[in-house]
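A.B. asks: Dropping the structure in here first, questions after.
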Amino acid sequence: MAGALASKRVRELMRRGAERVLNAPPDWIEEIDRATLSVENMKAIADDPVLAAATRRTNRANLFHWAASNLRDPAAPVAPNLGAEPLGIARDLVRRGVSESALNAYRTGQNAAWLRWMSIAFELTSRPDELRELLEVSARSISSFIDATIADISAQMKAERDELTRGTHAERREVVALLLDGAPLSPGDASRRLGYELDQAHRAAVVWSDHIEPDLSALESVADALSRASGAPRPLLIIASAATLWVWVPGGAEPDVERLSLVIRQLEGIRLAIGSRGQGIQGFRRGHLDALTTRRMVARLGSEQRIVRFDEVRLVSLVTHNPEGADQFIKHTLGALESASPEIKDALRTFLDEGCNASRAAARLRTHRNTLLRRLARAEELLPRPLEHSRVHVAVALEVLRWQSSGA
């Protein structure tokens, strides 16, 4: 009962409803995102900032694709959405080893969108006959659209999987997956299959892009720059998704972050999380998990920092693992200081970081010592408890705030 079988009045109602969807407030979309990412088999995707962001983009693309089609030709069949977003996430899911069962999350998103659409329908008309036809037509339209989109994305995933199962990349990806899962592989055999020596020190990293259509060569250039900044040979690279590279740099030397920054600044949307240094297979695995933890923390806090090292956020990552608890800790610890000017908070954080030495803190901040002391006095006034009784807690809370608001 879609397209030509819908009455002229219902086609007009569909058009008006589509206009409202295209101008939907952000909380509508966020509701669909929450519903989609809350599905049990979507946990691996929800925990991955790149895949979660791609899922949100796909939700928006699907919703607006359906609405735009109904705006142009109300109640007519809607072609499946095969734009950059859904095809991009198909590639990502396959490269992360996620099966087509994850596509069932589209159904959950469909249900959330349907509830919103029903609210729109009841606002558009109160006539029972019109309302009944409008709901029947739109239910068929939405269901057919989602069915067709899932079918085509599933076919794309199969094609991507067929491509990945050919060649050396598939073998390297399989070996790395086994190593990360703790499989009892022989270090010599695994090294041969990877073309990378495991019985040495490593430093793992994750390079990713915020762009919808990432440039793999840009990701690889950052990985190579990390290797050069560490004074190491070419690293081991694994394509984890269309927007993510897993990297292991042999030797594990501390990289020159300033040198890396020069490369990162030239590549819009590319970011780098650097894990810890480790030895052998255990270090290979631990460093990678630390890099993933760093990337998740960056996403969780909404930090805009382009290069983040695990060693500098280890404590912040632990504190913010429970976001609600972290927020309560900050408010309890800092009180009015939380909303103070950046200059005052930076003055106190640097003072504490320099062992409460005002001269060293002033030199580090490149400000006059008297200016620093005035800012410290103001910070003391804003704190709910005397600093001398809560220095450690205040330092931690200020460090969390720094990462929440850090710039590129």
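Just so we're on the same page: first chain in the structure tokens is A, next is B, and so on; residues restart at 1 for each chain, and ligands are numbered from 1 in the order they show up.
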If you run DSSP on the backbone, which residues of range 35-88 of chain A are helix (DSSP H, G or I), as a ChimeraX atom specification?

C.D. replies: /A:35-37,40-46,49-72,84-88

A.B. asks: Take the residues from that selection and write them out as an mmCIF file, in the first residue's frame, keeping C-alpha atoms.

C.D. replies:
data_model
loop_
_atom_site.group_PDB
_atom_site.id
_atom_site.type_symbol
_atom_site.label_atom_id
_atom_site.label_comp_id
_atom_site.auth_asym_id
_atom_site.auth_seq_id
_atom_site.Cartn_x
_atom_site.Cartn_y
_atom_site.Cartn_z
ATOM 1 C CA ALA A 35 19.209 2.099 21.076
ATOM 2 C CA THR A 36 21.487 0.818 18.302
ATOM 3 C CA LEU A 37 24.661 0.665 20.396
ATOM 4 C CA GLU A 40 24.309 -6.978 23.353
ATOM 5 C CA ASN A 41 26.170 -8.067 20.218
ATOM 6 C CA MET A 42 27.103 -4.428 19.538
ATOM 7 C CA LYS A 43 29.285 -4.120 22.654
ATOM 8 C CA ALA A 44 32.511 -4.570 20.678
ATOM 9 C CA ILE A 45 31.368 -1.785 18.351
ATOM 10 C CA ALA A 46 30.152 0.516 21.145
ATOM 11 C CA PRO A 49 35.395 4.863 19.173
ATOM 12 C CA VAL A 50 35.901 4.574 15.408
ATOM 13 C CA LEU A 51 33.200 1.936 14.893
ATOM 14 C CA ALA A 52 30.812 3.694 17.285
ATOM 15 C CA ALA A 53 31.253 6.982 15.416
ATOM 16 C CA ALA A 54 30.741 5.190 12.087
ATOM 17 C CA THR A 55 27.535 3.621 13.453
ATOM 18 C CA ARG A 56 26.225 7.036 14.482
ATOM 19 C CA ARG A 57 27.007 8.461 11.055
ATOM 20 C CA THR A 58 25.225 5.504 9.437
ATOM 21 C CA ASN A 59 22.143 6.027 11.619
ATOM 22 C CA ARG A 60 21.932 9.640 10.480
ATOM 23 C CA ALA A 61 22.569 8.740 6.864
ATOM 24 C CA ASN A 62 19.820 6.095 6.860
ATOM 25 C CA LEU A 63 17.283 8.322 8.588
ATOM 26 C CA PHE A 64 17.900 11.286 6.289
ATOM 27 C CA HIS A 65 18.067 9.077 3.187
ATOM 28 C CA TRP A 66 14.579 7.703 3.910
ATOM 29 C CA ALA A 67 13.192 11.144 4.767
ATOM 30 C CA ALA A 68 14.720 12.824 1.702
ATOM 31 C CA SER A 69 13.239 10.140 -0.557
ATOM 32 C CA ASN A 70 9.782 10.689 0.922
ATOM 33 C CA LEU A 71 10.166 14.417 0.557
ATOM 34 C CA ARG A 72 10.837 13.989 -3.179
ATOM 35 C CA ALA A 84 29.756 6.217 1.954
ATOM 36 C CA GLU A 85 28.593 5.695 5.558
ATOM 37 C CA PRO A 86 26.913 2.248 5.354
ATOM 38 C CA LEU A 87 29.484 0.845 2.935
ATOM 39 C CA GLY A 88 32.275 2.233 5.085
#

A.B. asks: Excluding range 196-206 of chain A and any residue of its chain fewer than 3 positions from it, enumerate the residues within 6 Å of it, using only C-alpha atoms, and give them as a PyMOL selection string.

C.D. replies: chain A and resi 191+245-252+272-281+287-288+291

A.B. asks: Limited to N, CA and C atoms, could you put the picked residues into a file as an mmCIF file, in the first residue's frame?

C.D. replies:
data_model
loop_
_atom_site.group_PDB
_atom_site.id
_atom_site.type_symbol
_atom_site.label_atom_id
_atom_site.label_comp_id
_atom_site.auth_asym_id
_atom_site.auth_seq_id
_atom_site.Cartn_x
_atom_site.Cartn_y
_atom_site.Cartn_z
ATOM 1 N N SER A 191 56.533 -15.094 14.295
ATOM 2 C CA SER A 191 57.393 -14.053 13.726
ATOM 3 C C SER A 191 57.572 -14.258 12.227
ATOM 4 N N LEU A 245 44.540 1.750 11.855
ATOM 5 C CA LEU A 245 45.720 0.901 11.716
ATOM 6 C C LEU A 245 46.234 0.528 13.096
ATOM 7 N N TRP A 246 46.596 -0.742 13.282
ATOM 8 C CA TRP A 246 47.318 -1.171 14.470
ATOM 9 C C TRP A 246 48.796 -1.199 14.100
ATOM 10 N N VAL A 247 49.627 -0.683 14.985
ATOM 11 C CA VAL A 247 51.046 -0.504 14.677
ATOM 12 C C VAL A 247 51.905 -1.061 15.809
ATOM 13 N N TRP A 248 53.012 -1.719 15.443
ATOM 14 C CA TRP A 248 54.023 -2.126 16.415
ATOM 15 C C TRP A 248 55.372 -1.660 15.907
ATOM 16 N N VAL A 249 56.059 -0.853 16.715
ATOM 17 C CA VAL A 249 57.364 -0.317 16.340
ATOM 18 C C VAL A 249 58.440 -1.128 17.051
ATOM 19 N N PRO A 250 59.366 -1.733 16.313
ATOM 20 C CA PRO A 250 60.426 -2.522 16.957
ATOM 21 C C PRO A 250 61.365 -1.635 17.766
ATOM 22 N N GLY A 251 61.866 -2.196 18.852
ATOM 23 C CA GLY A 251 62.805 -1.461 19.697
ATOM 24 C C GLY A 251 62.132 -0.773 20.867
ATOM 25 N N GLY A 252 60.958 -0.197 20.613
ATOM 26 C CA GLY A 252 60.169 0.390 21.693
ATOM 27 C C GLY A 252 60.713 1.672 22.266
ATOM 28 N N LEU A 272 46.572 9.704 16.857
ATOM 29 C CA LEU A 272 47.516 8.655 17.224
ATOM 30 C C LEU A 272 47.485 8.407 18.724
ATOM 31 N N ALA A 273 47.291 7.143 19.105
ATOM 32 C CA ALA A 273 47.379 6.721 20.506
ATOM 33 C C ALA A 273 48.579 5.800 20.637
ATOM 34 N N ILE A 274 49.502 6.137 21.520
ATOM 35 C CA ILE A 274 50.751 5.388 21.670
ATOM 36 C C ILE A 274 50.711 4.595 22.965
ATOM 37 N N GLY A 275 50.884 3.282 22.852
ATOM 38 C CA GLY A 275 50.837 2.407 24.020
ATOM 39 C C GLY A 275 52.158 2.358 24.771
ATOM 40 N N SER A 276 52.259 1.438 25.699
ATOM 41 C CA SER A 276 53.453 1.307 26.524
ATOM 42 C C SER A 276 54.505 0.436 25.829
ATOM 43 N N ARG A 277 55.717 0.474 26.347
ATOM 44 C CA ARG A 277 56.817 -0.343 25.821
ATOM 45 C C ARG A 277 56.776 -1.696 26.500
ATOM 46 N N GLY A 278 57.015 -2.767 25.729
ATOM 47 C CA GLY A 278 57.014 -4.104 26.312
ATOM 48 C C GLY A 278 57.948 -5.032 25.572
ATOM 49 N N GLN A 279 58.238 -6.183 26.187
ATOM 50 C CA GLN A 279 59.189 -7.144 25.637
ATOM 51 C C GLN A 279 58.473 -8.423 25.232
ATOM 52 N N GLY A 280 58.833 -8.958 24.065
ATOM 53 C CA GLY A 280 58.318 -10.246 23.645
ATOM 54 C C GLY A 280 56.826 -10.222 23.335
ATOM 55 N N ILE A 281 56.237 -11.428 23.312
ATOM 56 C CA ILE A 281 54.813 -11.538 22.979
ATOM 57 C C ILE A 281 53.944 -10.845 24.015
ATOM 58 N N GLY A 287 51.173 -3.760 25.145
ATOM 59 C CA GLY A 287 51.281 -2.432 24.539
ATOM 60 C C GLY A 287 50.083 -2.104 23.664
ATOM 61 N N HIS A 288 49.592 -3.109 22.935
ATOM 62 C CA HIS A 288 48.419 -2.891 22.077
ATOM 63 C C HIS A 288 47.188 -2.582 22.918
ATOM 64 N N ALA A 291 47.340 0.896 24.098
ATOM 65 C CA ALA A 291 47.021 1.862 23.035
ATOM 66 C C ALA A 291 45.512 1.946 22.819
#

A.B. asks: CA of Gly302 in chain A to CA of Asp48 in chain A: how many Å, to one decimal?

C.D. replies: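 For CA of Gly302 in chain A relative to CA of Asp48 in chain A, the distance reads 13.8 Å.
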
A.B. asks: Can you pull out the residues contacting Met14 in chain A? Cut-off 6 Å, using only C-alpha atoms, and skip same-chain residues under 3 positions away; I want them as a ChimeraX atom specification.

C.D. replies: /A:11,17,74

A.B. asks: Between A:Ala190, A:Leu398, A:Leu237, A:Leu315, which has the minimum distance to Thr350 in chain A (counting only C-alpha atoms)?

C.D. replies: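 Among A:Ala190, A:Leu398, A:Leu237, A:Leu315, it is A:Leu398 that comes nearest to Thr350 in chain A.
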
A.B. asks: Which of these, A:Gly325, A:Pro80, A:Gly355, A:Gly283, has the shortest distance to Leu180 in chain A once you count only C-alpha atoms?

C.D. replies: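 Ranked by minimum distance to Leu180 in chain A, first place goes to A:Gly283.
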